[in-house]
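So this one's upload_12.cif, mmCIF, C-alpha atoms:
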```cif
data_target
#
loop_
_atom_site.label_atom_id
_atom_site.label_comp_id
_atom_site.auth_asym_id
_atom_site.auth_seq_id
_atom_site.Cartn_x
_atom_site.Cartn_y
_atom_site.Cartn_z
CA MET A 19 -1.97 2.16 -14.31
CA ALA A 20 -1.29 0.78 -10.84
CA PHE A 21 -0.66 -2.96 -10.56
CA GLN A 22 -3.71 -4.94 -9.47
CA PRO A 23 -2.98 -8.48 -8.23
CA SER A 24 -5.07 -11.39 -9.45
CA LEU A 25 -6.07 -13.59 -6.52
CA GLN A 26 -6.82 -17.13 -7.65
CA ASN A 27 -5.93 -19.39 -4.73
CA THR A 28 -8.69 -20.35 -2.31
CA LEU A 29 -7.82 -21.15 1.29
CA ALA A 30 -9.09 -24.53 2.43
CA SER A 31 -11.92 -24.33 4.98
CA THR A 32 -11.93 -20.51 5.15
CA GLY A 33 -15.03 -19.59 3.19
CA ARG A 34 -14.44 -17.25 0.25
CA THR A 35 -10.98 -16.02 1.26
CA LEU A 36 -8.57 -15.83 -1.70
CA TYR A 37 -4.84 -15.21 -1.81
CA HIS A 38 -1.88 -14.89 -4.15
CA LEU A 39 1.78 -15.15 -3.09
CA THR A 40 4.88 -14.15 -5.05
CA HIS A 41 8.61 -14.29 -4.32
CA SER A 42 10.53 -11.66 -6.29
CA CYS A 43 14.05 -10.37 -6.83
CA THR A 44 14.60 -6.91 -8.30
CA ARG A 45 18.00 -5.72 -9.51
CA VAL A 46 18.47 -1.95 -9.66
CA ILE A 47 21.28 -0.92 -11.99
CA PRO A 48 23.83 1.80 -11.03
CA GLY A 49 22.62 5.34 -11.61
CA GLN A 50 18.95 4.45 -11.32
CA SER A 51 16.44 3.99 -8.55
CA GLU A 52 13.19 2.15 -9.02
CA TYR A 53 9.77 2.86 -7.58
CA ASP A 54 6.23 1.68 -8.10
CA ASP A 55 3.27 3.82 -8.93
CA ALA A 56 1.01 4.36 -5.93
CA HIS A 57 -0.84 1.11 -5.26
CA ILE A 58 -4.52 1.18 -4.29
CA HIS A 59 -5.56 -2.47 -3.97
CA SER A 60 -9.03 -3.72 -3.10
CA CYS A 61 -7.32 -6.46 -1.10
CA TYR A 62 -4.87 -6.70 1.79
CA GLU A 63 -1.16 -6.81 1.03
CA ILE A 64 1.66 -8.23 3.16
CA TYR A 65 5.12 -7.19 1.95
CA VAL A 66 8.02 -9.04 3.61
CA ASN A 67 11.47 -7.58 2.89
CA ILE A 68 14.14 -10.27 2.57
CA ALA A 69 17.17 -8.38 1.23
CA GLY A 70 17.91 -4.70 0.56
CA GLU A 71 16.72 -1.62 2.40
CA VAL A 72 13.63 -0.01 0.86
CA SER A 73 11.46 2.99 1.68
CA PHE A 74 7.71 2.57 2.09
CA LEU A 75 4.96 5.16 2.12
CA VAL A 76 1.59 4.10 3.58
CA ASN A 77 -0.96 6.92 3.56
CA SER A 78 1.06 9.65 5.32
CA ARG A 79 3.79 7.59 7.00
CA VAL A 80 7.20 6.97 5.44
CA MET A 81 9.38 4.22 6.92
CA ARG A 82 12.75 2.66 6.17
CA LEU A 83 12.29 -1.08 5.75
CA GLU A 84 15.37 -3.19 6.43
CA GLN A 85 15.80 -6.95 6.16
CA GLY A 86 12.92 -8.72 7.90
CA GLY A 87 10.69 -5.64 7.96
CA ILE A 88 7.02 -6.12 7.08
CA VAL A 89 4.36 -3.80 5.68
CA PHE A 90 0.72 -4.89 6.11
CA THR A 91 -1.66 -2.65 4.14
CA ARG A 92 -5.43 -2.77 4.14
CA PRO A 93 -7.82 -2.36 1.19
CA ASN A 94 -7.43 1.09 -0.38
CA ASP A 95 -4.48 2.12 1.77
CA VAL A 96 -2.35 4.23 -0.59
CA HIS A 97 1.15 2.75 -0.56
CA VAL A 98 4.38 3.09 -2.54
CA CYS A 99 7.65 1.15 -2.37
CA LEU A 100 10.91 2.87 -3.36
CA TYR A 101 14.17 1.02 -4.10
CA PRO A 102 16.69 3.81 -3.38
CA THR A 103 20.08 2.38 -4.34
CA ALA A 104 21.67 0.21 -7.02
CA ARG A 105 21.68 -3.37 -5.73
CA GLU A 106 19.53 -6.52 -5.63
CA TYR A 107 16.32 -6.54 -3.63
CA GLU A 108 14.29 -9.57 -2.59
CA HIS A 109 10.84 -9.79 -1.07
CA TYR A 110 7.67 -11.83 -0.67
CA CYS A 111 4.29 -10.28 -1.43
CA LEU A 112 1.09 -11.89 -0.19
CA TRP A 113 -2.27 -10.48 -1.33
CA ILE A 114 -5.44 -11.52 0.48
CA ASP A 115 -9.12 -10.97 -0.23
CA ASP A 116 -11.14 -11.48 2.95
CA PRO A 117 -14.67 -10.44 1.86
CA GLU A 118 -16.38 -11.60 5.04
CA GLY A 119 -13.85 -9.81 7.24
CA ASN A 120 -13.30 -12.76 9.54
CA LEU A 121 -9.57 -13.48 9.25
CA LEU A 122 -8.26 -9.94 9.13
CA SER A 123 -10.59 -8.03 11.42
CA PHE A 124 -7.62 -7.38 13.74
CA THR A 125 -6.21 -4.89 11.22
CA GLN A 126 -9.12 -2.53 11.88
CA GLY A 127 -8.13 -1.74 15.46
CA GLU A 128 -6.72 1.70 16.25
CA SER A 129 -3.55 0.18 17.68
CA PHE A 130 -2.72 -1.78 14.53
CA SER A 131 0.37 -0.54 12.68
CA PRO A 132 0.99 -1.30 8.98
CA PHE A 133 4.74 -1.37 9.76
CA ILE A 134 5.78 -4.44 11.73
CA LEU A 135 9.19 -5.38 13.09
CA LEU A 136 9.25 -8.91 14.48
CA PRO A 137 11.88 -10.57 16.70
CA PRO A 138 14.54 -12.50 14.71
CA GLU A 139 13.08 -15.94 15.44
CA GLU A 140 9.63 -14.89 14.19
CA ARG A 141 11.13 -13.30 11.07
CA GLU A 142 12.77 -16.64 10.27
CA GLU A 143 9.52 -18.49 10.91
CA ILE A 144 7.58 -16.13 8.61
CA GLY A 145 10.14 -16.75 5.85
CA ALA A 146 9.90 -20.53 6.27
CA LEU A 147 6.09 -20.42 6.22
CA LEU A 148 6.01 -18.31 3.05
CA HIS A 149 8.44 -20.72 1.40
CA ALA A 150 6.22 -23.64 2.42
CA ILE A 151 3.16 -22.06 0.79
CA LEU A 152 5.04 -21.80 -2.53
CA GLU A 153 6.51 -25.31 -2.26
CA GLU A 154 5.21 -27.70 -4.91
CA GLY A 155 3.67 -30.85 -3.54
CA GLU A 156 2.38 -29.27 -0.33
CA SER A 157 -1.26 -30.06 0.37
CA GLU A 158 -3.84 -27.27 0.45
CA LEU A 159 -4.49 -28.03 4.11
CA SER A 160 -0.79 -27.66 4.90
CA LYS A 161 -0.64 -24.38 2.98
CA THR A 162 -3.71 -23.12 4.84
CA ALA A 163 -2.06 -23.99 8.17
CA SER A 164 1.04 -22.02 7.15
CA PHE A 165 -1.09 -19.09 6.02
CA LEU A 166 -3.05 -18.95 9.28
CA ARG A 167 0.15 -19.18 11.31
CA ILE A 168 1.52 -16.17 9.44
CA LEU A 169 -1.61 -14.17 10.27
CA ALA A 170 -1.40 -15.19 13.94
CA ILE A 171 2.20 -13.93 14.14
CA LEU A 172 1.34 -10.69 12.37
CA GLU A 173 -1.74 -10.07 14.51
CA ARG A 174 0.45 -10.12 17.60
CA GLY A 175 3.19 -8.08 15.91
CA GLY A 176 0.78 -5.48 14.51
CA GLN A 177 -0.64 -4.75 17.94
CA SER A 178 2.80 -4.27 19.52
CA ARG A 179 4.87 -1.10 19.70
CA ASN A 180 7.71 -2.53 17.63
CA SER A 181 8.03 -0.98 14.19
CA PRO A 182 10.78 -0.11 11.71
CA VAL A 183 12.61 3.21 12.01
CA PRO A 184 10.88 6.22 10.34
CA LEU A 185 12.68 7.56 7.31
CA GLN A 186 14.17 10.98 7.97
CA ILE A 187 12.33 13.36 5.67
CA PRO A 188 12.00 17.18 5.78
CA ALA A 189 9.62 18.23 8.56
CA GLU A 190 7.67 20.42 6.14
CA MET A 191 7.14 17.45 3.81
CA GLN A 192 5.72 15.38 6.68
CA LYS A 193 3.29 18.20 7.47
CA ILE A 194 2.21 18.24 3.84
CA LEU A 195 1.77 14.45 3.76
CA ASN A 196 -0.40 14.67 6.88
CA TYR A 197 -2.37 17.56 5.40
CA ILE A 198 -3.11 15.75 2.12
CA ASP A 199 -3.93 12.52 3.95
CA ALA A 200 -6.48 14.30 6.17
CA SER A 201 -7.88 16.88 3.73
CA PHE A 202 -7.61 15.37 0.21
CA SER A 203 -11.36 15.68 -0.44
CA GLU A 204 -11.19 19.43 0.16
CA ILE A 205 -8.15 19.99 -2.11
CA HIS A 206 -9.23 20.46 -5.72
CA HIS A 207 -5.80 21.11 -7.23
CA ILE A 208 -2.25 20.47 -6.04
CA ARG A 209 -1.44 24.19 -6.37
CA GLU A 210 -3.63 24.72 -3.28
CA VAL A 211 -1.03 22.75 -1.33
CA TYR A 212 1.81 24.89 -2.67
CA GLU A 213 -0.08 28.04 -1.73
CA THR A 214 -1.10 26.81 1.73
CA PHE A 215 2.47 25.92 2.70
CA TYR A 216 4.24 28.69 0.73
CA ILE A 217 6.44 26.13 -1.00
CA SER A 218 7.55 26.01 -4.62
CA PRO A 219 6.29 23.20 -6.88
CA ALA A 220 9.89 22.33 -7.77
CA THR A 221 10.96 21.89 -4.13
CA LEU A 222 7.99 19.75 -3.14
CA THR A 223 8.24 17.63 -6.28
CA ARG A 224 11.94 17.04 -5.58
CA TRP A 225 11.18 15.95 -2.01
CA PHE A 226 8.41 13.58 -3.10
CA ARG A 227 10.52 12.04 -5.88
CA ARG A 228 13.47 11.56 -3.53
CA TYR A 229 11.67 10.14 -0.50
CA VAL A 230 8.57 8.35 -1.84
CA GLY A 231 9.11 8.09 -5.60
CA ILE A 232 5.91 9.75 -6.81
CA SER A 233 4.85 13.33 -7.45
CA PRO A 234 2.70 15.36 -5.02
CA ARG A 235 -0.08 15.39 -7.60
CA ALA A 236 0.03 11.59 -7.96
CA PHE A 237 -0.20 11.21 -4.18
CA LEU A 238 -3.19 13.57 -3.96
CA GLU A 239 -4.98 11.84 -6.83
CA SER A 240 -4.31 8.41 -5.32
CA LYS A 241 -5.90 9.44 -2.01
CA LYS A 242 -8.96 10.69 -3.89
CA ILE A 243 -9.24 7.53 -5.98
CA ALA A 244 -8.90 5.30 -2.89
CA CYS A 245 -11.80 7.18 -1.30
CA ALA A 246 -13.85 6.97 -4.50
CA LYS A 247 -13.34 3.19 -4.65
CA GLU A 248 -14.78 2.81 -1.17
CA LEU A 249 -17.74 5.03 -2.03
CA LEU A 250 -18.47 3.14 -5.24
CA GLY A 251 -18.22 -0.14 -3.34
CA ARG A 252 -20.90 1.13 -0.96
CA GLY A 253 -23.22 1.91 -3.86
CA GLU A 254 -22.73 5.66 -4.33
CA SER A 255 -23.27 7.01 -7.84
CA VAL A 256 -20.29 7.94 -10.00
CA THR A 257 -21.16 11.63 -9.61
CA GLN A 258 -21.38 11.42 -5.82
CA ALA A 259 -18.17 9.41 -5.61
CA ALA A 260 -16.40 12.09 -7.65
CA LEU A 261 -17.72 14.99 -5.58
CA GLN A 262 -17.25 13.38 -2.17
CA SER A 263 -13.67 12.35 -2.95
CA GLY A 264 -12.77 15.87 -4.04
CA PHE A 265 -13.09 15.94 -7.84
CA SER A 266 -14.94 19.00 -9.13
CA ASP A 267 -15.09 17.65 -12.70
CA CYS A 268 -16.73 14.26 -13.26
CA SER A 269 -15.10 13.74 -16.65
CA HIS A 270 -11.66 14.31 -15.13
CA PHE A 271 -12.53 11.91 -12.31
CA ILE A 272 -13.48 9.17 -14.78
CA SER A 273 -10.25 9.71 -16.73
CA VAL A 274 -8.02 9.58 -13.62
CA PHE A 275 -9.90 6.58 -12.20
CA LYS A 276 -9.54 4.57 -15.40
CA LYS A 277 -5.83 5.42 -15.64
CA LYS A 278 -5.11 4.27 -12.08
CA ILE A 279 -7.53 1.35 -11.72
CA GLY A 280 -7.81 0.11 -15.30
CA VAL A 281 -11.60 0.39 -15.65
CA THR A 282 -14.13 3.20 -15.51
CA PRO A 283 -15.82 3.94 -12.15
CA LYS A 284 -19.05 2.38 -13.44
CA GLY A 285 -17.19 -0.68 -14.67
CA TYR A 286 -15.44 -1.02 -11.32
CA GLN A 287 -18.73 -0.70 -9.45
CA GLN A 288 -20.45 -3.31 -11.59
CA GLY A 289 -17.58 -5.73 -11.16
CA LYS A 290 -17.35 -5.00 -7.42
CA LEU A 291 -21.03 -5.39 -6.73
#
```
Could you take the file, read its structure, and then write that structure out as structure tokens?
Amino acid sequence: MAFQPSLQNTLASTGRTLYHLTHSCTRVIPGQSEYDDAHIHSCYEIYVNIAGEVSFLVNSRVMRLEQGGIVFTRPNDVHVCLYPTAREYEHYCLWIDDPEGNLLSFTQGESFSPFILLPPEEREEIGALLHAILEEGESELSKTASFLRILAILERGGQSRNSPVPLQIPAEMQKILNYIDASFSEIHHIREVYETFYISPATLTRWFRRYVGISPRAFLESKKIACAKELLGRGESVTQAALQSGFSDCSHFISVFKKKIGVTPKGYQQGKL
């Protein structure tokens, strides 16, 4: 089951906006790499890399994220973080629920990029602001000011042309990522991808495991589930959400949805609405 953050902090004077911030260190032991399952949050996520180079998949784009790199994903963007080598990694993760769409409307523009590379001075400022939000004794107003300053910096950075360097992956794999991202609702089984691109399951699975840390099937299912979440949130029935997101079997849809989200589609819809 994919991790779902619990947002419990309310921003002062910002309506119903909630957030949760963590500061984490991950040590990967020699001989192993670590990766997350595909994440499909109902909230925004800001991942700030502090130490250690990681790989990040967001929908169909795969980037190499070095120190200071930032990934800003929107609700139901399918994303995966891969820790490729044995060493210690450090990052901040800020999750935001903006139900009224006021603070984060800038992420909906066509020019917005989820991968942001800021100038050194702004990277340092972001780090200091995140630290201030976690600091005990800081007032809620002070934390809100730090939070809004972070968003102001990222709004400017997300609209710029600066971004981390793309990870070098096989050209055929990039075509397949683009194909699944654009056509997931029309693909009923992952074998259709193998047949369309005349590629063996073993080769494609090896590429996916190496470069993004999940299987081709998991990526396809995650795209379908992300779409289904949006449909359920708009009031579509469970059956229609299954069909429109590309599941031909409603029972299978319910099983996959519960495995990835933690509740049944109906339970999710009732909680969402």
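Using all atoms listed in the file, the nearest neighbour of Leu172 (chain A) within the list A:Glu128, A:Glu213, A:Glu140, A:Glu158 is A:Glu140.
Restricting the calculation to all atoms listed in the file, the smallest distance between His97 (chain A) and any of A:Pro219, A:Gly264, A:Gly127, A:Pro132 is found for A:Pro132.
Among the candidates A:Ile187, A:Leu122, A:Ile243, A:Val98, the one nearest to Val274 (chain A) when counting all atoms listed in the file is A:Ile243.
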### Summary
In Å and to one decimal, CA of Ile88 (chain A) is distant from CA of Leu166 (chain A) by 16.5 Å
Which region 137-215 of chain A residues have any atom within 10 Å of an atom of region 53-68 of chain A, and for each, what is the nearest pair of atoms with distance in Å to one decimal, counting all atoms listed in the file, rows sorted by chain and number, as CSV?
```
residue,atom,partner,partner_atom,distance
A:Arg141,CA,A:Val66,CA,9.1
A:Ile144,CA,A:Val66,CA,8.7
A:Gly145,CA,A:Ile68,CA,8.3
A:Leu148,CA,A:Val66,CA,9.5
A:Leu169,CA,A:Ile64,CA,9.8
A:Leu172,CA,A:Ile64,CA,9.5
```
Could you list, as an mmCIF file with C-alpha atoms, in the frame of the given file, every residue within 10 Å of Val76 (chain A), counting only C-alpha atoms and ignoring same-chain residues fewer than 3 positions away?
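To be explicit, this is the file written out as part05.cif:
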```
data_model
loop_
_atom_site.group_PDB
_atom_site.id
_atom_site.type_symbol
_atom_site.label_atom_id
_atom_site.label_comp_id
_atom_site.auth_asym_id
_atom_site.auth_seq_id
_atom_site.Cartn_x
_atom_site.Cartn_y
_atom_site.Cartn_z
ATOM 1 C CA ALA A 56 1.010 4.360 -5.930
ATOM 2 C CA HIS A 57 -0.840 1.110 -5.260
ATOM 3 C CA ARG A 79 3.790 7.590 7.000
ATOM 4 C CA VAL A 80 7.200 6.970 5.440
ATOM 5 C CA MET A 81 9.380 4.220 6.920
ATOM 6 C CA VAL A 89 4.360 -3.800 5.680
ATOM 7 C CA PHE A 90 0.720 -4.890 6.110
ATOM 8 C CA THR A 91 -1.660 -2.650 4.140
ATOM 9 C CA ARG A 92 -5.430 -2.770 4.140
ATOM 10 C CA ASP A 95 -4.480 2.120 1.770
ATOM 11 C CA VAL A 96 -2.350 4.230 -0.590
ATOM 12 C CA HIS A 97 1.150 2.750 -0.560
ATOM 13 C CA VAL A 98 4.380 3.090 -2.540
ATOM 14 C CA CYS A 99 7.650 1.150 -2.370
ATOM 15 C CA PRO A 132 0.990 -1.300 8.980
ATOM 16 C CA PHE A 133 4.740 -1.370 9.760
ATOM 17 C CA VAL A 230 8.570 8.350 -1.840
#
```
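If all atoms listed in the file are the atoms counted, then among A:Arg82, A:Arg105, A:His207, A:Arg167 the closest residue to Val46 (chain A) is A:Arg105.
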### Residue nearest Asn94 (chain A) - candidates A:Cys245, A:Cys43, A:Cys111, A:Leu238, atoms counted: all atoms listed in the file
A:Cys245
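A straight line drawn from CA of Ser273 (chain A) to CA of Pro117 (chain A) is 27.8 Å long.
Here the question is which of A:Thr162, A:Glu254, A:Phe265, A:Tyr229 gets nearest to Ile205 (chain A) using all atoms listed in the file, and that residue is A:Phe265.
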